[in-house]
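The structure file data-v5.txt is reproduced below (compact mmCIF, N, CA and C atoms and all ligand atoms).
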# COMPACT_ATOMS: atom_id res chain seq x y z
N MET A 1 8.27 13.10 -4.73
CA MET A 1 8.53 14.49 -4.44
C MET A 1 9.03 14.67 -3.00
N ALA A 2 8.43 13.93 -2.09
CA ALA A 2 8.83 14.04 -0.68
C ALA A 2 8.49 12.74 0.05
N ASP A 3 9.24 12.48 1.09
CA ASP A 3 8.98 11.31 1.93
C ASP A 3 9.49 11.67 3.32
N THR A 4 8.57 11.89 4.24
CA THR A 4 8.97 12.29 5.59
C THR A 4 9.15 11.08 6.50
N SER A 5 8.88 9.89 5.99
CA SER A 5 9.08 8.67 6.78
C SER A 5 10.56 8.30 6.74
N PRO A 6 10.96 7.27 7.48
CA PRO A 6 12.35 6.81 7.37
C PRO A 6 12.70 6.31 5.97
N GLY A 7 11.71 6.23 5.09
CA GLY A 7 11.99 5.92 3.70
C GLY A 7 12.03 4.46 3.34
N LYS A 8 11.57 3.61 4.24
CA LYS A 8 11.53 2.18 3.94
C LYS A 8 10.12 1.83 3.51
N HIS A 9 9.99 1.37 2.26
CA HIS A 9 8.70 0.97 1.72
C HIS A 9 8.88 -0.38 1.03
N ASP A 10 7.85 -1.19 1.06
CA ASP A 10 7.97 -2.54 0.55
C ASP A 10 7.47 -2.64 -0.90
N THR A 11 8.20 -3.42 -1.68
CA THR A 11 7.76 -3.73 -3.04
C THR A 11 7.71 -5.24 -3.26
N LEU A 12 7.84 -6.02 -2.20
CA LEU A 12 7.92 -7.47 -2.35
C LEU A 12 6.64 -8.20 -1.98
N ILE A 13 5.93 -7.73 -0.97
CA ILE A 13 4.76 -8.45 -0.48
C ILE A 13 3.59 -8.28 -1.43
N ALA A 14 2.95 -9.38 -1.76
CA ALA A 14 1.74 -9.34 -2.58
C ALA A 14 0.62 -8.68 -1.80
N ALA A 15 -0.35 -8.15 -2.51
CA ALA A 15 -1.53 -7.59 -1.85
C ALA A 15 -2.17 -8.66 -0.98
N CYS A 16 -2.61 -8.28 0.21
CA CYS A 16 -3.31 -9.27 1.03
C CYS A 16 -4.61 -9.64 0.32
N SER A 17 -5.04 -10.86 0.57
CA SER A 17 -6.18 -11.39 -0.18
C SER A 17 -7.03 -12.29 0.72
N ARG A 18 -8.19 -12.62 0.20
CA ARG A 18 -9.08 -13.54 0.92
C ARG A 18 -8.35 -14.85 1.22
N GLU A 19 -7.60 -15.35 0.23
CA GLU A 19 -6.86 -16.60 0.39
C GLU A 19 -5.81 -16.51 1.50
N MET A 20 -5.13 -15.35 1.57
CA MET A 20 -4.10 -15.17 2.61
C MET A 20 -4.74 -15.25 3.99
N TYR A 21 -5.89 -14.60 4.16
CA TYR A 21 -6.53 -14.61 5.47
C TYR A 21 -7.07 -15.99 5.81
N LEU A 22 -7.60 -16.69 4.83
CA LEU A 22 -8.05 -18.06 5.08
C LEU A 22 -6.88 -18.94 5.50
N HIS A 23 -5.74 -18.79 4.81
CA HIS A 23 -4.55 -19.56 5.13
C HIS A 23 -4.07 -19.26 6.56
N ALA A 24 -4.28 -18.02 7.00
CA ALA A 24 -3.86 -17.60 8.35
C ALA A 24 -4.92 -17.90 9.40
N GLY A 25 -6.01 -18.58 9.00
CA GLY A 25 -7.03 -18.96 9.97
C GLY A 25 -8.08 -17.90 10.24
N ARG A 26 -8.10 -16.87 9.40
CA ARG A 26 -9.09 -15.81 9.55
C ARG A 26 -10.32 -16.13 8.70
N SER A 27 -11.31 -15.29 8.80
CA SER A 27 -12.55 -15.45 8.06
C SER A 27 -12.33 -15.20 6.57
N GLY A 28 -13.09 -15.88 5.75
CA GLY A 28 -13.07 -15.62 4.31
C GLY A 28 -13.69 -14.28 3.96
N ASN A 29 -14.32 -13.65 4.93
CA ASN A 29 -14.93 -12.33 4.70
C ASN A 29 -14.02 -11.19 5.16
N HIS A 30 -12.79 -11.51 5.56
CA HIS A 30 -11.86 -10.49 6.04
C HIS A 30 -11.59 -9.49 4.91
N ARG A 31 -11.71 -8.20 5.22
CA ARG A 31 -11.38 -7.18 4.21
C ARG A 31 -9.94 -7.39 3.75
N ASN A 32 -9.68 -7.08 2.48
CA ASN A 32 -8.33 -7.29 1.95
C ASN A 32 -8.05 -6.34 0.79
N CYS A 33 -6.77 -6.11 0.56
CA CYS A 33 -6.36 -5.14 -0.46
C CYS A 33 -6.70 -5.61 -1.88
N ALA A 34 -6.63 -6.92 -2.13
CA ALA A 34 -6.94 -7.42 -3.47
C ALA A 34 -8.39 -7.11 -3.82
N ASP A 35 -9.31 -7.40 -2.92
CA ASP A 35 -10.73 -7.10 -3.19
C ASP A 35 -10.97 -5.60 -3.24
N ASN A 36 -10.23 -4.84 -2.42
CA ASN A 36 -10.37 -3.38 -2.47
C ASN A 36 -9.98 -2.85 -3.84
N LEU A 37 -8.91 -3.40 -4.43
CA LEU A 37 -8.46 -2.98 -5.76
C LEU A 37 -9.54 -3.30 -6.81
N VAL A 38 -10.05 -4.51 -6.77
CA VAL A 38 -11.07 -4.92 -7.74
C VAL A 38 -12.30 -4.02 -7.63
N ALA A 39 -12.73 -3.75 -6.39
CA ALA A 39 -13.92 -2.91 -6.18
C ALA A 39 -13.68 -1.47 -6.63
N ALA A 40 -12.45 -0.98 -6.44
CA ALA A 40 -12.16 0.41 -6.83
C ALA A 40 -12.10 0.58 -8.33
N LEU A 41 -11.64 -0.44 -9.05
CA LEU A 41 -11.50 -0.33 -10.50
C LEU A 41 -12.79 -0.63 -11.25
N LYS A 42 -13.67 -1.40 -10.65
CA LYS A 42 -14.91 -1.81 -11.32
C LYS A 42 -15.72 -0.64 -11.86
N PRO A 43 -15.93 0.43 -11.08
CA PRO A 43 -16.71 1.55 -11.63
C PRO A 43 -16.06 2.22 -12.84
N HIS A 44 -14.77 1.98 -13.04
CA HIS A 44 -14.06 2.55 -14.20
C HIS A 44 -14.06 1.58 -15.38
N GLY A 45 -14.81 0.47 -15.26
CA GLY A 45 -14.88 -0.50 -16.34
C GLY A 45 -13.63 -1.35 -16.46
N ILE A 46 -12.82 -1.37 -15.46
CA ILE A 46 -11.57 -2.13 -15.49
C ILE A 46 -11.74 -3.38 -14.64
N THR A 47 -11.54 -4.53 -15.28
CA THR A 47 -11.57 -5.78 -14.54
C THR A 47 -10.13 -6.26 -14.38
N VAL A 48 -9.87 -6.89 -13.27
CA VAL A 48 -8.52 -7.32 -12.96
C VAL A 48 -8.48 -8.84 -12.97
N GLY A 49 -7.61 -9.41 -13.81
CA GLY A 49 -7.42 -10.86 -13.82
C GLY A 49 -6.47 -11.24 -12.70
N LEU A 50 -5.24 -10.84 -12.83
CA LEU A 50 -4.25 -11.07 -11.79
C LEU A 50 -4.03 -9.77 -11.03
N ILE A 51 -3.96 -9.86 -9.73
CA ILE A 51 -3.73 -8.67 -8.90
C ILE A 51 -2.27 -8.24 -9.10
N PRO A 52 -2.06 -7.01 -9.54
CA PRO A 52 -0.67 -6.56 -9.73
C PRO A 52 0.06 -6.43 -8.40
N SER A 53 1.35 -6.48 -8.47
CA SER A 53 2.16 -6.32 -7.27
C SER A 53 2.05 -4.88 -6.79
N PRO A 54 1.70 -4.68 -5.54
CA PRO A 54 1.50 -3.31 -5.05
C PRO A 54 2.80 -2.66 -4.59
N TRP A 55 2.75 -1.38 -4.43
CA TRP A 55 3.80 -0.63 -3.75
C TRP A 55 3.25 -0.40 -2.35
N ASN A 56 3.84 -1.03 -1.37
CA ASN A 56 3.34 -1.00 0.00
C ASN A 56 4.02 0.11 0.77
N LEU A 57 3.46 1.30 0.67
CA LEU A 57 4.03 2.43 1.39
C LEU A 57 3.98 2.17 2.89
N PHE A 58 5.05 2.52 3.56
CA PHE A 58 5.18 2.44 5.03
C PHE A 58 5.26 1.00 5.55
N MET A 59 5.24 0.00 4.68
CA MET A 59 5.38 -1.38 5.15
C MET A 59 6.83 -1.81 5.02
N LEU A 60 7.22 -2.70 5.92
CA LEU A 60 8.61 -3.12 5.97
C LEU A 60 8.67 -4.64 5.94
N ALA A 61 9.24 -5.18 4.91
CA ALA A 61 9.39 -6.63 4.77
C ALA A 61 10.67 -6.92 4.01
N PRO A 62 11.81 -6.76 4.69
CA PRO A 62 13.08 -6.95 4.00
C PRO A 62 13.42 -8.42 3.74
N VAL A 63 14.28 -8.61 2.77
CA VAL A 63 14.84 -9.94 2.53
C VAL A 63 15.93 -10.15 3.58
N VAL A 64 15.85 -11.27 4.28
CA VAL A 64 16.86 -11.59 5.29
C VAL A 64 17.55 -12.88 4.90
N ASP A 65 18.75 -13.01 5.27
CA ASP A 65 19.56 -14.19 4.97
C ASP A 65 19.61 -14.48 3.47
N GLY A 66 19.29 -13.47 2.68
CA GLY A 66 19.38 -13.62 1.23
C GLY A 66 18.33 -14.50 0.60
N CYS A 67 17.39 -15.03 1.40
CA CYS A 67 16.46 -15.96 0.78
C CYS A 67 15.05 -15.95 1.36
N SER A 68 14.77 -15.16 2.36
CA SER A 68 13.41 -15.15 2.88
C SER A 68 13.01 -13.72 3.25
N ILE A 69 11.72 -13.51 3.32
CA ILE A 69 11.18 -12.19 3.65
C ILE A 69 10.75 -12.22 5.10
N GLU A 70 11.13 -11.19 5.82
CA GLU A 70 10.75 -11.09 7.23
C GLU A 70 9.77 -9.92 7.39
N TYR A 71 8.58 -10.21 7.89
CA TYR A 71 7.58 -9.17 8.12
C TYR A 71 7.94 -8.42 9.39
N GLN A 72 8.09 -7.12 9.29
CA GLN A 72 8.52 -6.32 10.45
C GLN A 72 7.55 -5.17 10.69
N ARG A 73 7.60 -4.67 11.92
CA ARG A 73 6.82 -3.48 12.23
C ARG A 73 7.39 -2.31 11.43
N PRO A 74 6.53 -1.44 10.95
CA PRO A 74 7.04 -0.30 10.17
C PRO A 74 7.82 0.66 11.05
N HIS A 75 8.72 1.38 10.45
CA HIS A 75 9.52 2.37 11.17
C HIS A 75 8.91 3.77 11.08
N CYS A 76 7.82 3.90 10.35
CA CYS A 76 7.23 5.23 10.16
C CYS A 76 6.44 5.63 11.42
N HIS A 77 6.05 6.89 11.46
CA HIS A 77 5.36 7.45 12.62
C HIS A 77 4.09 8.16 12.16
N PRO A 78 3.13 8.33 13.06
CA PRO A 78 1.93 9.09 12.68
C PRO A 78 2.32 10.45 12.11
N GLY A 79 1.70 10.83 11.03
CA GLY A 79 2.00 12.11 10.40
C GLY A 79 3.01 12.01 9.28
N ASP A 80 3.73 10.89 9.19
CA ASP A 80 4.64 10.72 8.06
C ASP A 80 3.84 10.71 6.76
N TYR A 81 4.45 11.20 5.70
CA TYR A 81 3.74 11.18 4.43
C TYR A 81 4.71 11.03 3.27
N VAL A 82 4.12 10.61 2.16
CA VAL A 82 4.83 10.51 0.90
C VAL A 82 4.06 11.36 -0.10
N GLU A 83 4.79 12.17 -0.81
CA GLU A 83 4.18 13.03 -1.83
C GLU A 83 4.62 12.54 -3.19
N LEU A 84 3.65 12.23 -4.03
CA LEU A 84 3.92 11.70 -5.36
C LEU A 84 3.49 12.70 -6.41
N ARG A 85 4.10 12.63 -7.56
CA ARG A 85 3.72 13.48 -8.67
C ARG A 85 3.55 12.61 -9.90
N SER A 86 2.43 12.75 -10.56
CA SER A 86 2.19 12.02 -11.80
C SER A 86 2.57 12.91 -12.97
N GLU A 87 3.32 12.38 -13.90
CA GLU A 87 3.71 13.12 -15.10
C GLU A 87 2.73 12.89 -16.23
N MET A 88 1.71 12.08 -15.98
CA MET A 88 0.69 11.82 -16.99
C MET A 88 -0.60 11.44 -16.27
N ASP A 89 -1.70 11.43 -17.02
CA ASP A 89 -2.94 10.98 -16.41
C ASP A 89 -2.75 9.56 -15.89
N CYS A 90 -3.26 9.30 -14.74
CA CYS A 90 -3.13 7.96 -14.19
C CYS A 90 -4.30 7.66 -13.27
N LEU A 91 -4.50 6.41 -13.05
CA LEU A 91 -5.51 5.95 -12.11
C LEU A 91 -4.77 5.20 -11.02
N MET A 92 -4.80 5.71 -9.81
CA MET A 92 -4.12 5.06 -8.69
C MET A 92 -5.17 4.55 -7.73
N VAL A 93 -4.90 3.41 -7.17
CA VAL A 93 -5.80 2.84 -6.16
C VAL A 93 -5.02 2.75 -4.85
N PHE A 94 -5.60 3.27 -3.80
CA PHE A 94 -5.01 3.19 -2.47
C PHE A 94 -5.88 2.28 -1.62
N SER A 95 -5.24 1.41 -0.90
CA SER A 95 -5.96 0.55 0.03
C SER A 95 -5.26 0.66 1.37
N SER A 96 -5.99 1.07 2.37
CA SER A 96 -5.43 1.09 3.72
C SER A 96 -5.47 -0.34 4.21
N CYS A 97 -4.34 -1.00 4.13
CA CYS A 97 -4.27 -2.45 4.33
C CYS A 97 -4.86 -2.88 5.68
N PRO A 98 -5.83 -3.79 5.64
CA PRO A 98 -6.46 -4.25 6.89
C PRO A 98 -5.75 -5.46 7.51
N ASP A 99 -4.52 -5.71 7.09
CA ASP A 99 -3.79 -6.88 7.60
C ASP A 99 -3.62 -6.81 9.12
N ASP A 100 -4.18 -7.78 9.80
CA ASP A 100 -4.02 -7.91 11.26
C ASP A 100 -3.36 -9.23 11.62
N VAL A 101 -2.70 -9.84 10.62
CA VAL A 101 -2.00 -11.10 10.84
C VAL A 101 -0.52 -10.86 11.07
N TYR A 102 0.08 -10.09 10.21
CA TYR A 102 1.52 -9.82 10.27
C TYR A 102 1.76 -8.45 10.89
N PRO A 103 2.99 -8.20 11.37
CA PRO A 103 3.26 -6.92 12.05
C PRO A 103 3.49 -5.74 11.11
N THR A 104 3.30 -5.93 9.82
CA THR A 104 3.63 -4.88 8.86
C THR A 104 2.78 -3.63 9.02
N ASN A 105 1.63 -3.72 9.67
CA ASN A 105 0.78 -2.54 9.89
C ASN A 105 0.89 -2.04 11.32
N GLY A 106 1.89 -2.47 12.03
CA GLY A 106 2.08 -2.04 13.41
C GLY A 106 1.83 -3.15 14.40
N GLY A 107 1.14 -4.19 13.97
CA GLY A 107 0.99 -5.37 14.78
C GLY A 107 -0.07 -5.34 15.85
N ASN A 108 -0.83 -4.25 15.94
CA ASN A 108 -1.83 -4.21 17.00
C ASN A 108 -3.26 -4.31 16.47
N GLY A 109 -3.44 -4.36 15.15
CA GLY A 109 -4.77 -4.54 14.58
C GLY A 109 -5.71 -3.37 14.80
N THR A 110 -5.17 -2.25 15.21
CA THR A 110 -6.00 -1.07 15.46
C THR A 110 -6.14 -0.25 14.18
N PRO A 111 -7.37 0.00 13.74
CA PRO A 111 -7.55 0.84 12.54
C PRO A 111 -6.95 2.23 12.77
N VAL A 112 -6.33 2.77 11.76
CA VAL A 112 -5.78 4.12 11.81
C VAL A 112 -6.27 4.87 10.57
N ASN A 113 -6.24 6.15 10.65
CA ASN A 113 -6.65 6.96 9.51
C ASN A 113 -5.52 7.06 8.50
N ALA A 114 -5.88 6.99 7.24
CA ALA A 114 -4.95 7.25 6.15
C ALA A 114 -5.55 8.39 5.35
N HIS A 115 -4.74 9.33 4.99
CA HIS A 115 -5.24 10.51 4.30
C HIS A 115 -4.60 10.59 2.92
N VAL A 116 -5.43 10.69 1.90
CA VAL A 116 -4.95 10.84 0.52
C VAL A 116 -5.49 12.16 0.00
N GLU A 117 -4.60 12.99 -0.49
CA GLU A 117 -5.00 14.28 -1.02
C GLU A 117 -4.55 14.39 -2.47
N LEU A 118 -5.47 14.75 -3.33
CA LEU A 118 -5.16 14.92 -4.75
C LEU A 118 -5.07 16.40 -5.05
N VAL A 119 -3.93 16.82 -5.53
CA VAL A 119 -3.72 18.21 -5.90
C VAL A 119 -3.55 18.24 -7.41
N GLU A 120 -4.41 18.97 -8.08
CA GLU A 120 -4.36 19.01 -9.54
C GLU A 120 -3.76 20.33 -10.01
N ASN A 121 -3.47 20.36 -11.29
CA ASN A 121 -3.00 21.56 -11.96
C ASN A 121 -1.71 22.11 -11.37
N LEU A 122 -0.76 21.25 -11.11
CA LEU A 122 0.53 21.72 -10.65
C LEU A 122 1.32 22.24 -11.85
N GLU A 123 2.34 22.97 -11.58
CA GLU A 123 3.21 23.46 -12.65
C GLU A 123 3.81 22.27 -13.38
N PRO A 124 3.90 22.37 -14.71
CA PRO A 124 4.51 21.27 -15.44
C PRO A 124 5.97 21.05 -15.01
N CYS A 125 6.38 19.82 -15.07
CA CYS A 125 7.74 19.47 -14.72
C CYS A 125 8.69 20.06 -15.76
N LYS A 126 9.76 20.67 -15.31
CA LYS A 126 10.72 21.26 -16.23
C LYS A 126 11.65 20.16 -16.76
N LYS A 127 11.74 20.10 -18.08
CA LYS A 127 12.61 19.11 -18.73
C LYS A 127 13.99 19.72 -18.88
N ASN A 128 14.99 18.89 -18.71
CA ASN A 128 16.37 19.36 -18.91
C ASN A 128 16.75 19.31 -20.38
ZN ZN B 201 -3.49 -5.45 2.53
Give the structure from this file in structure tokens form.
Ligand SMILES: [Zn+2]
Amino acid sequence: MADTSPGKHDTLIAACSREMYLHAGRSGNHRNCADNLVAALKPHGITVGLIPSPWNLFMLAPVVDGCSIEYQRPHCHPGDYVELRSEMDCLMVFSSCPDDVYPTNGGNGTPVNAHVELVENLEPCKKN
């Protein structure tokens, strides 16, 4: 519905995971998006075998030279937002990525607030 950021969002990077942090020399207890997804779905009786590919809002990891992904600092700014509309009942999981290895979260490892607002009972979408 709306995107006030520069509009660059990543669909290539896998959710960060315990294994990724271990590979990067971090603790096996490092918070990660894969575990956040599993924990969020568990109360709904949903178990996850393979972690689905996430939509990484505000993250920037373009393909460069046609064959590799380059992790870059995001171009978005505080206050930028994306407004989504669901056309059917859905269950969405948001994880404020705790990645402090790559620059995709700004590169300074400083926690920031993420705000998610659910607005229900919107007018139905008009069909053409
Ligand atoms: Zn993450």
- Quick one: everything within 7 Å of Glu83 of chain A, counting only C-alpha atoms, minus sequence neighbours fewer than 6 positions away in the same chain. Send it as number ranges by chain. A: 1-3
- Residue nearest Leu60 of chain A among A:Gly28, A:Pro103, A:Pro98, A:Pro78 (counting only N, CA and C atoms): A:Pro103
- Query: What do you get as a list of chain:residue names if you pick all residues at most 6.5 Å from ligand ZN 201 (chain B), counting all atoms listed in the file?
  - Reply: A:Ala15, A:Cys16, A:Ser17, A:Asn32, A:Cys33, A:Ala34, A:Ser95, A:Ser96, A:Cys97, A:Pro98, A:Asp99
- Item | Distance in Å - atom C of Asp35 of chain A versus atom CA of Trp55 of chain A |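 Separation of atom C of Asp35 of chain A and atom CA of Trp55 of chain A: 15.6 Å.
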- Task: Within 8 Å of segment 68-75 of chain A, counting all atoms listed in the file, which residues show up once you throw out same-chain ones fewer than 2 positions away? Write them as a VMD selection string, please.
- Result: chain A and resid 5 to 8 58 to 66 77 to 78 102 to 107
Generate the coordinates of N, CA, C and O atoms for segment 81-96 of chain A; report them as a compact mmCIF listing (two decimals), in the frame of the given file.
# COMPACT_ATOMS: atom_id res chain seq x y z
N TYR A 81 4.45 11.20 5.70
CA TYR A 81 3.74 11.18 4.43
C TYR A 81 4.71 11.03 3.27
O TYR A 81 5.90 11.26 3.39
N VAL A 82 4.12 10.61 2.16
CA VAL A 82 4.83 10.51 0.90
C VAL A 82 4.06 11.36 -0.10
O VAL A 82 2.84 11.28 -0.17
N GLU A 83 4.79 12.17 -0.81
CA GLU A 83 4.18 13.03 -1.83
C GLU A 83 4.62 12.54 -3.19
O GLU A 83 5.82 12.41 -3.46
N LEU A 84 3.65 12.23 -4.03
CA LEU A 84 3.92 11.70 -5.36
C LEU A 84 3.49 12.70 -6.41
O LEU A 84 2.60 13.50 -6.18
N ARG A 85 4.10 12.63 -7.56
CA ARG A 85 3.72 13.48 -8.67
C ARG A 85 3.55 12.61 -9.90
O ARG A 85 4.44 11.83 -10.23
N SER A 86 2.43 12.75 -10.56
CA SER A 86 2.19 12.02 -11.80
C SER A 86 2.57 12.91 -12.97
O SER A 86 2.18 14.08 -13.02
N GLU A 87 3.32 12.38 -13.90
CA GLU A 87 3.71 13.12 -15.10
C GLU A 87 2.73 12.89 -16.23
O GLU A 87 2.92 13.41 -17.33
N MET A 88 1.71 12.08 -15.98
CA MET A 88 0.69 11.82 -16.99
C MET A 88 -0.60 11.44 -16.27
O MET A 88 -0.58 11.20 -15.07
N ASP A 89 -1.70 11.43 -17.02
CA ASP A 89 -2.94 10.98 -16.41
C ASP A 89 -2.75 9.56 -15.89
O ASP A 89 -2.13 8.73 -16.56
N CYS A 90 -3.26 9.30 -14.74
CA CYS A 90 -3.13 7.96 -14.19
C CYS A 90 -4.30 7.66 -13.27
O CYS A 90 -5.01 8.56 -12.84
N LEU A 91 -4.50 6.41 -13.05
CA LEU A 91 -5.51 5.95 -12.11
C LEU A 91 -4.77 5.20 -11.02
O LEU A 91 -4.11 4.20 -11.30
N MET A 92 -4.80 5.71 -9.81
CA MET A 92 -4.12 5.06 -8.69
C MET A 92 -5.17 4.55 -7.73
O MET A 92 -6.19 5.19 -7.52
N VAL A 93 -4.90 3.41 -7.17
CA VAL A 93 -5.80 2.84 -6.16
C VAL A 93 -5.02 2.75 -4.85
O VAL A 93 -3.92 2.23 -4.82
N PHE A 94 -5.60 3.27 -3.80
CA PHE A 94 -5.01 3.19 -2.47
C PHE A 94 -5.88 2.28 -1.62
O PHE A 94 -7.09 2.38 -1.64
N SER A 95 -5.24 1.41 -0.90
CA SER A 95 -5.96 0.55 0.03
C SER A 95 -5.26 0.66 1.37
O SER A 95 -4.06 0.42 1.47
N SER A 96 -5.99 1.07 2.37
CA SER A 96 -5.43 1.09 3.72
C SER A 96 -5.47 -0.34 4.21
O SER A 96 -6.50 -0.85 4.62
